[in-house]
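A.B. asks: Structure file input04.tsv (TSV, C-alpha atoms) right here:
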chain	number	residue	atom	x	y	z
A	1	MET	CA	90.06	113.48	103.34
A	2	SER	CA	92.42	112.02	100.74
A	3	ALA	CA	91.33	109.73	97.93
A	4	THR	CA	91.84	105.99	98.19
A	5	ARG	CA	94.97	104.87	96.41
A	6	TYR	CA	96.01	101.48	95.05
A	7	ARG	CA	99.40	99.87	94.42
A	8	ALA	CA	100.56	96.56	92.97
A	9	PRO	CA	103.89	94.92	93.72
A	10	PRO	CA	106.86	95.72	91.47
A	11	ALA	CA	106.69	93.95	88.11
A	12	ASP	CA	109.55	91.61	89.03
A	13	ALA	CA	107.53	90.33	92.02
A	14	LEU	CA	105.01	88.74	89.64
A	15	VAL	CA	105.30	86.07	86.97
A	16	ILE	CA	102.56	86.43	84.37
A	17	ALA	CA	101.70	83.63	81.94
A	18	PRO	CA	98.82	83.78	79.43
A	19	LEU	CA	96.76	80.57	79.31
A	20	ASP	CA	94.34	80.82	76.40
A	21	GLU	CA	91.47	83.02	77.66
A	22	ILE	CA	92.79	83.46	81.21
A	23	VAL	CA	96.10	84.55	82.69
A	24	ALA	CA	98.09	82.97	85.52
A	25	VAL	CA	99.74	85.47	87.87
A	26	PHE	CA	102.27	83.99	90.28
A	27	HIS	CA	102.92	86.29	93.26
A	28	ARG	CA	106.47	85.49	94.39
A	29	ALA	CA	106.05	86.92	97.91
A	30	SER	CA	103.05	84.77	98.80
A	31	GLY	CA	103.78	81.78	96.57
A	32	ILE	CA	100.20	81.89	95.31
A	33	THR	CA	99.16	81.61	91.66
A	34	HIS	CA	96.03	83.55	90.73
A	35	LEU	CA	93.93	82.96	87.61
A	36	VAL	CA	92.65	86.27	86.27
A	37	GLY	CA	91.01	87.82	83.23
A	38	PRO	CA	93.15	89.02	80.31
A	39	GLU	CA	92.81	92.70	81.29
A	40	ILE	CA	94.35	92.27	84.76
A	41	PRO	CA	98.05	92.17	83.74
A	42	ASP	CA	97.67	95.63	82.14
A	43	LEU	CA	96.10	96.93	85.34
A	44	LEU	CA	98.87	95.41	87.46
A	45	ASP	CA	101.45	96.96	85.13
A	46	VAL	CA	99.96	100.43	85.57
A	47	LEU	CA	99.91	99.99	89.35
A	48	ALA	CA	103.36	98.39	89.63
A	49	ALA	CA	105.18	99.86	92.64
A	50	GLN	CA	103.28	103.16	92.58
A	51	TRP	CA	100.26	104.50	94.43
A	52	LEU	CA	97.47	105.70	92.12
A	53	THR	CA	93.93	106.91	92.70
A	54	ALA	CA	90.97	105.53	90.75
A	55	ASP	CA	90.98	108.78	88.72
A	56	ALA	CA	94.59	108.21	87.66
A	57	ILE	CA	93.91	104.57	86.84
A	58	GLU	CA	90.90	105.52	84.73
A	59	ALA	CA	92.98	108.12	82.89
A	60	ALA	CA	95.65	105.51	82.14
A	61	PHE	CA	93.05	103.28	80.50
A	62	GLU	CA	90.92	106.07	79.00
A	63	GLN	CA	87.83	104.38	80.37
A	64	VAL	CA	84.45	105.75	79.44
A	65	GLU	CA	82.29	107.40	82.06
A	66	GLY	CA	80.26	104.96	84.12
A	67	ASP	CA	82.95	102.29	84.43
A	68	ARG	CA	84.07	103.55	87.86
A	69	SER	CA	82.03	100.98	89.79
A	70	ALA	CA	83.42	98.13	87.67
A	71	LEU	CA	86.96	99.42	88.17
A	72	ILE	CA	86.50	99.73	91.94
A	73	ALA	CA	84.98	96.23	92.07
A	74	THR	CA	87.97	94.82	90.18
A	75	LEU	CA	90.42	96.65	92.44
A	76	ASP	CA	88.57	95.37	95.52
A	77	GLU	CA	88.85	91.80	94.20
A	78	LEU	CA	92.57	92.26	93.60
A	79	VAL	CA	93.00	93.67	97.11
A	80	ALA	CA	91.15	90.66	98.57
A	81	ALA	CA	93.37	88.33	96.52
A	82	GLY	CA	96.51	90.06	97.80
A	83	LEU	CA	97.69	91.30	94.39
A	84	VAL	CA	96.99	94.99	95.11
A	85	GLU	CA	97.26	97.12	98.27
A	86	ARG	CA	94.78	99.81	99.25
A	87	GLY	CA	96.07	102.87	101.03
Mind turning this structure into structure tokens?
C.D. replies:
Amino acid sequence: MSATRYRAPPADALVIAPLDEIVAVFHRASGITHLVGPEIPDLLDVLAAQWLTADAIEAAFEQVEGDRSALIATLDELVAAGLVERG
């Protein structure tokens, strides 16, 4: 069984605008603007147009052990919002 992978749209499919303590992410394909935490644009950038496993995502952010459940929860929220695909 292969590991679950995640992918965000290409960077040019999103318009990202910081708004004080939150960030607006406009998804061109859906026409929806999402308000997200300040760490989400970095995550979307890592996932832009490429499939990565949670292990690869953790390595990109050098997360400490034990953050896996928080990462998966964040990815699940982004999938539900339509900003990330699960494959």
A.B. asks: Can you pull out the residues contacting A:Ile40? Cut-off 10 Å, using all atoms listed in the file, and skip same-chain residues under 5 positions away; I want them as a VMD selection string.
C.D. replies: chain A and resid 22 to 23 25 35 45 to 46 74 to 75 78
A.B. asks: Enumerate, as a PyMOL selection string, the protein, DNA and RNA residues whose atoms approach (97.8, 98.6, 97.6) to within 8 Å, taking into account all atoms listed in the file and the coordinate frame of the file.
C.D. replies: chain A and resi 5-8+51+79+83-87
A.B. asks: For atom CA of A:Gln50 and atom CA of A:Ala11, quote the distance in Å rounded to one decimal.
C.D. replies: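 Between atom CA of A:Gln50 and atom CA of A:Ala11 the gap works out to 10.8 Å.
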A.B. asks: Draw an axis-aligned box tight on the listed atoms of stretch 28-33 of chain A, then pad every side by 8 Å and write out centre and edge lengths in Å to one decimal as JSON.
C.D. replies:
{"center_x": 102.8, "center_y": 84.3, "center_z": 95.2, "size_x": 23.3, "size_y": 21.3, "size_z": 23.1}
A.B. asks: Pick from A:Asp76, A:Ala24, A:Ala56, A:Ser69: nearest to A:Glu39, with all atoms listed in the file counted?
C.D. replies: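 Under the stated criterion, the closest residue is A:Ala24.
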A.B. asks: Would you mind telling me which residue in A:Ala49, A:Asp55, A:Ala73, A:Ala81 lies nearest to A:Ser30 when using only C-alpha atoms?
C.D. replies: A:Ala81
